[in-house]
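Trainee: Got a structure for you, protein-v9.txt, holding compact mmCIF, C-alpha atoms.
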# COMPACT_ATOMS: atom_id res chain seq x y z
CA MET A 121 10.61 -26.92 8.21
CA LEU A 122 7.73 -29.26 7.55
CA PRO A 123 4.57 -27.83 6.00
CA LEU A 124 1.71 -27.23 8.40
CA ALA A 125 -0.75 -27.83 5.58
CA ARG A 126 -1.02 -28.15 1.81
CA PHE A 127 -4.34 -27.90 -0.02
CA SER A 128 -5.70 -26.89 -3.41
CA VAL A 129 -8.72 -25.21 -4.90
CA ASP A 130 -9.01 -26.51 -8.45
CA GLY A 131 -11.16 -25.53 -11.41
CA VAL A 132 -11.69 -21.89 -10.38
CA GLU A 133 -9.63 -18.88 -11.41
CA PRO A 134 -8.42 -17.18 -8.21
CA PRO A 135 -9.84 -13.67 -7.76
CA THR A 136 -7.72 -10.64 -6.93
CA LYS A 137 -8.18 -8.28 -4.02
CA GLY A 138 -7.43 -4.60 -4.29
CA SER A 139 -9.06 -3.61 -7.56
CA MET A 140 -11.28 -0.78 -6.42
CA LYS A 141 -13.91 1.00 -8.46
CA PRO A 142 -14.97 4.59 -7.67
CA LEU A 143 -18.72 5.20 -7.68
CA PRO A 144 -19.90 8.81 -7.88
CA ASN A 145 -22.71 10.15 -5.72
CA TRP A 146 -24.42 12.64 -7.99
CA ARG A 147 -26.16 14.49 -5.14
CA THR A 148 -23.06 15.19 -3.06
CA GLY A 149 -20.43 15.10 -5.80
CA LYS A 150 -18.28 12.75 -3.71
CA PHE A 151 -17.03 9.30 -4.60
CA ARG A 152 -17.24 6.09 -2.63
CA VAL A 153 -15.00 3.17 -3.39
CA ARG A 154 -16.14 -0.43 -3.83
CA ASP A 155 -14.14 -3.62 -4.31
CA GLU A 156 -14.86 -4.89 -7.82
CA HIS A 157 -14.43 -8.56 -6.94
CA LYS A 158 -16.19 -8.75 -3.54
CA ALA A 159 -18.68 -11.48 -4.51
CA GLU A 160 -15.97 -13.57 -6.21
CA LEU A 161 -13.67 -13.19 -3.19
CA ASP A 162 -16.43 -14.32 -0.81
CA SER A 163 -17.27 -17.42 -2.86
CA PHE A 164 -13.56 -18.24 -3.28
CA ALA A 165 -13.07 -17.91 0.50
CA LEU A 166 -15.77 -20.58 0.95
CA LEU A 167 -13.98 -22.87 -1.51
CA LEU A 168 -10.71 -22.20 0.34
CA ALA A 169 -12.40 -23.03 3.67
CA THR A 170 -13.76 -26.30 2.26
CA ALA A 171 -10.36 -27.33 0.90
CA ALA A 172 -8.63 -26.40 4.17
CA ALA A 173 -11.22 -28.36 6.18
CA LYS A 174 -10.64 -31.45 3.97
CA ALA A 175 -6.88 -31.06 4.55
CA ARG A 176 -7.57 -30.79 8.30
CA VAL A 177 -5.76 -27.47 8.68
CA ARG A 178 -5.37 -26.68 12.34
CA PRO A 179 -5.11 -23.05 13.43
CA TYR A 180 -1.57 -21.81 13.86
CA PRO A 181 -0.82 -19.70 16.95
CA ALA A 182 -0.96 -15.93 16.49
CA HIS A 183 2.23 -13.86 16.43
CA HIS A 184 4.37 -16.66 15.00
CA PRO A 185 5.97 -16.15 11.58
CA MET A 186 4.56 -18.10 8.65
CA LEU A 187 5.70 -18.81 5.09
CA VAL A 188 2.93 -19.05 2.49
CA GLN A 189 3.78 -20.78 -0.79
CA LEU A 190 1.24 -20.27 -3.55
CA LEU A 191 1.08 -21.79 -7.01
CA PHE A 192 -1.54 -20.12 -9.20
CA GLY A 193 -2.76 -21.92 -12.33
CA LEU A 194 -4.16 -19.29 -14.68
CA PRO A 195 -5.91 -19.67 -18.04
CA ARG A 196 -3.69 -19.56 -21.13
CA PRO A 197 -4.49 -16.85 -23.72
CA LYS A 198 -6.13 -18.08 -26.92
CA ARG A 199 -3.23 -16.80 -29.03
CA HIS A 200 -0.97 -19.44 -27.36
CA VAL A 201 -3.08 -22.33 -28.63
CA GLY A 202 -3.20 -23.56 -32.22
CA VAL A 203 -4.79 -26.47 -34.06
CA ARG A 204 -2.24 -28.93 -32.63
CA GLY A 205 -2.38 -27.63 -29.05
CA VAL A 206 -0.06 -25.16 -27.34
CA LYS A 207 2.28 -23.50 -29.82
CA PRO A 208 5.97 -24.38 -29.31
CA TRP A 209 7.03 -20.78 -28.68
CA ALA A 210 4.39 -20.39 -25.94
CA LYS A 211 4.91 -23.68 -24.10
CA TRP A 212 7.22 -22.39 -21.34
CA LEU A 213 6.01 -18.81 -21.07
CA ARG A 214 4.78 -17.53 -17.71
CA PRO A 215 1.71 -15.31 -17.23
CA THR A 216 2.95 -11.73 -17.15
CA ALA A 217 -0.33 -9.90 -17.68
CA LYS A 218 -3.83 -9.78 -16.24
CA LEU A 219 -3.54 -10.75 -12.55
CA ASP A 220 -1.06 -9.10 -10.17
CA VAL A 221 0.74 -11.43 -7.74
CA ASP A 222 0.30 -9.03 -4.82
CA LYS A 223 -3.47 -8.83 -5.32
CA LEU A 224 -3.72 -12.62 -5.66
CA LEU A 225 -1.66 -13.03 -2.47
CA ARG A 226 -3.85 -10.54 -0.60
CA GLY A 227 -7.01 -12.38 -1.64
CA ILE A 228 -5.66 -15.77 -0.52
CA CYS A 229 -4.33 -14.49 2.82
CA ASP A 230 -7.65 -12.81 3.61
CA GLY A 231 -9.42 -16.05 2.70
CA LEU A 232 -7.13 -18.00 5.06
CA VAL A 233 -8.00 -15.58 7.87
CA ALA A 234 -11.72 -15.78 7.07
CA GLN A 235 -11.71 -19.58 7.24
CA GLY A 236 -9.58 -19.74 10.40
CA ALA A 237 -6.27 -21.22 9.17
CA LEU A 238 -4.47 -18.02 10.17
CA PRO A 239 -5.48 -15.79 13.08
CA ASP A 240 -4.01 -12.76 11.30
CA ASP A 241 -2.50 -12.32 7.83
CA GLY A 242 0.11 -10.04 9.43
CA GLN A 243 1.94 -13.16 10.63
CA VAL A 244 2.83 -14.01 7.02
CA THR A 245 6.43 -12.85 6.96
CA ASP A 246 7.52 -14.70 3.84
CA ALA A 247 5.55 -15.45 0.69
CA LEU A 248 6.53 -17.40 -2.40
CA PRO A 249 3.81 -16.82 -4.99
CA ARG A 250 4.21 -18.26 -8.51
CA LYS A 251 1.98 -17.82 -11.53
CA VAL A 252 1.95 -20.53 -14.19
CA TYR A 253 -0.47 -21.42 -16.92
CA ALA A 254 -3.06 -24.02 -15.91
CA ASP A 255 -1.69 -26.65 -18.28
CA ASN A 256 1.66 -26.49 -16.41
CA ARG A 257 0.05 -27.03 -12.97
CA LEU A 258 -0.90 -30.47 -11.68
CA GLY A 259 -4.45 -29.46 -10.73
CA GLY A 260 -5.00 -27.16 -13.71
CA LEU A 261 -6.85 -23.91 -13.13
CA GLY A 262 -6.81 -22.84 -9.46
CA VAL A 263 -4.36 -22.40 -6.60
CA THR A 264 -2.26 -24.65 -4.37
CA VAL A 265 -1.57 -23.26 -0.89
CA THR A 266 1.24 -24.49 1.36
CA LEU A 267 1.55 -23.12 4.89
CA VAL A 268 4.97 -23.51 6.52
CA PRO A 269 5.61 -22.34 10.10
CA LEU A 270 8.96 -20.61 10.52
CA GLU A 271 10.96 -21.20 13.66
CA GLU A 272 12.12 -18.01 15.19
CA GLY A 273 15.87 -17.87 15.43
CA PRO A 274 18.63 -15.30 15.43
CA THR A 275 18.57 -12.47 12.91
CA CYS A 276 21.52 -10.35 11.83
CA MET A 277 21.45 -6.87 13.36
CA HIS A 278 22.92 -5.34 10.16
CA CYS A 279 21.03 -6.87 7.24
CA GLY A 280 18.12 -8.71 8.92
CA CYS A 281 18.89 -12.13 7.42
CA SER A 282 18.13 -15.31 9.37
CA GLU A 283 18.75 -19.04 9.22
CA PHE A 284 15.70 -19.51 7.03
CA SER A 285 16.24 -16.41 4.89
CA PRO A 286 20.01 -16.04 4.36
CA CYS A 287 21.83 -13.30 2.47
CA LEU A 288 22.09 -13.53 -1.30
CA GLY A 289 24.91 -15.99 -1.99
CA GLY A 290 24.56 -17.60 1.44
CA CYS A 291 25.91 -16.76 4.86
CA GLY A 292 26.59 -18.26 8.28
CA TRP A 293 26.89 -16.94 11.81
CA THR A 294 30.13 -15.39 13.08
CA THR A 295 28.59 -14.00 16.29
CA PRO A 296 25.13 -14.45 17.77
CA ILE A 297 24.04 -11.11 16.27
CA CYS A 298 26.04 -10.84 13.02
CA CYS A 299 26.18 -12.98 9.87
CA SER A 300 29.33 -13.84 7.93
CA THR A 301 28.43 -11.49 5.06
CA CYS A 302 28.14 -8.44 7.32
CA SER A 303 31.21 -9.28 9.39
CA ARG A 304 33.54 -9.29 6.37
CA PRO A 305 35.79 -6.24 6.22
CA LEU A 306 35.05 -3.79 3.41
CA ARG A 307 37.69 -3.61 0.67
Could I get this file's structure written as structure tokens?

Mentor:
Amino acid sequence: MLPLARFSVDGVEPPTKGSMKPLPNWRTGKFRVRDEHKAELDSFALLLATAAAKARVRPYPAHHPMLVQLLFGLPRPKRHVGVRGVKPWAKWLRPTAKLDVDKLLRGICDGLVAQGALPDDGQVTDALPRKVYADNRLGGLGVTVTLVPLEEGPTCMHCGCSEFSPCLGGCGWTTPICCSTCSRPLR
């Protein structure tokens, strides 16, 4: 499984998609919903398109499964930094607040569709997003995107595992439609 493409957008905090804000209409009493980060998402999609064009990303055929690996470099909170740099207790912490991984993933996948690297974000069957602080990422603040095409192969009829996504603890094939984990007798 060789990557189809790997590219980065550095120096910009990735925006999230999915944070909606209700706006009341005082005449009708109804609410309409607006995406809070629409302008940021649009400008980030342009940066994503530029980075993908520099990496010479070629469009991947529709209806083929794709793995998207994402490494987000996010800003470190001020309480982690002291006079001598990052405090020892905060050095290996991961970002657990502020930005949700699912909203970051949604924003990146929509940006990939907008710039033409993916025909449809529905073909992303596997995603490996990671959030780290910017000082622990090679490019600092930003995101690194790796697109990996998945070969379609047999899947287990019981648990749905495949060659590229095996059962927890590993498995093999006992029959063309059943993995070794599911074919074991129950005790």

Trainee: Neighbouring residues of Leu190 (chain A) were defined as those with any atom within 10 Å, considering all atoms listed in the file; residues of the same chain fewer than 2 positions away were excluded. Please report them as a PyMOL selection string.

Mentor: chain A and resi 126+128+187-188+192-193+221+224-225+228+247-251+263-267

Trainee: Which of these residues is nearest to Thr136 (chain A), using only C-alpha atoms: A:Ala165, A:Cys299, A:Val153, A:Ala172?

Mentor: A:Ala165

Trainee: Contacts of Gly262 (chain A) at 10 Å or less, counting only C-alpha atoms, minus same-chain residues fewer than 3 places along, as a ChimeraX atom specification?

Mentor: /A:128-135,191-195,253-254,257-259

Trainee: Under the rule that all atoms listed in the file are counted, which of A:Pro215, A:Pro296, A:Gly231, A:Pro286 is the nearest residue to Ala169 (chain A)?

Mentor: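 Of all the options, A:Gly231 lies closest to Ala169 (chain A).
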
Trainee: Nearest to Val201 (chain A): which of A:Leu219, A:Asp255, A:Ser285, A:Lys137 is it, counting all atoms listed in the file?

Mentor: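 Using all atoms listed in the file, the shortest distance to Val201 (chain A) belongs to A:Asp255.
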
Trainee: Go ahead and compute the interatomic distance for CA of Glu160 (chain A) and CA of Val233 (chain A), in Å to one decimal.

Mentor: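 These two atoms are separated by 16.3 Å.
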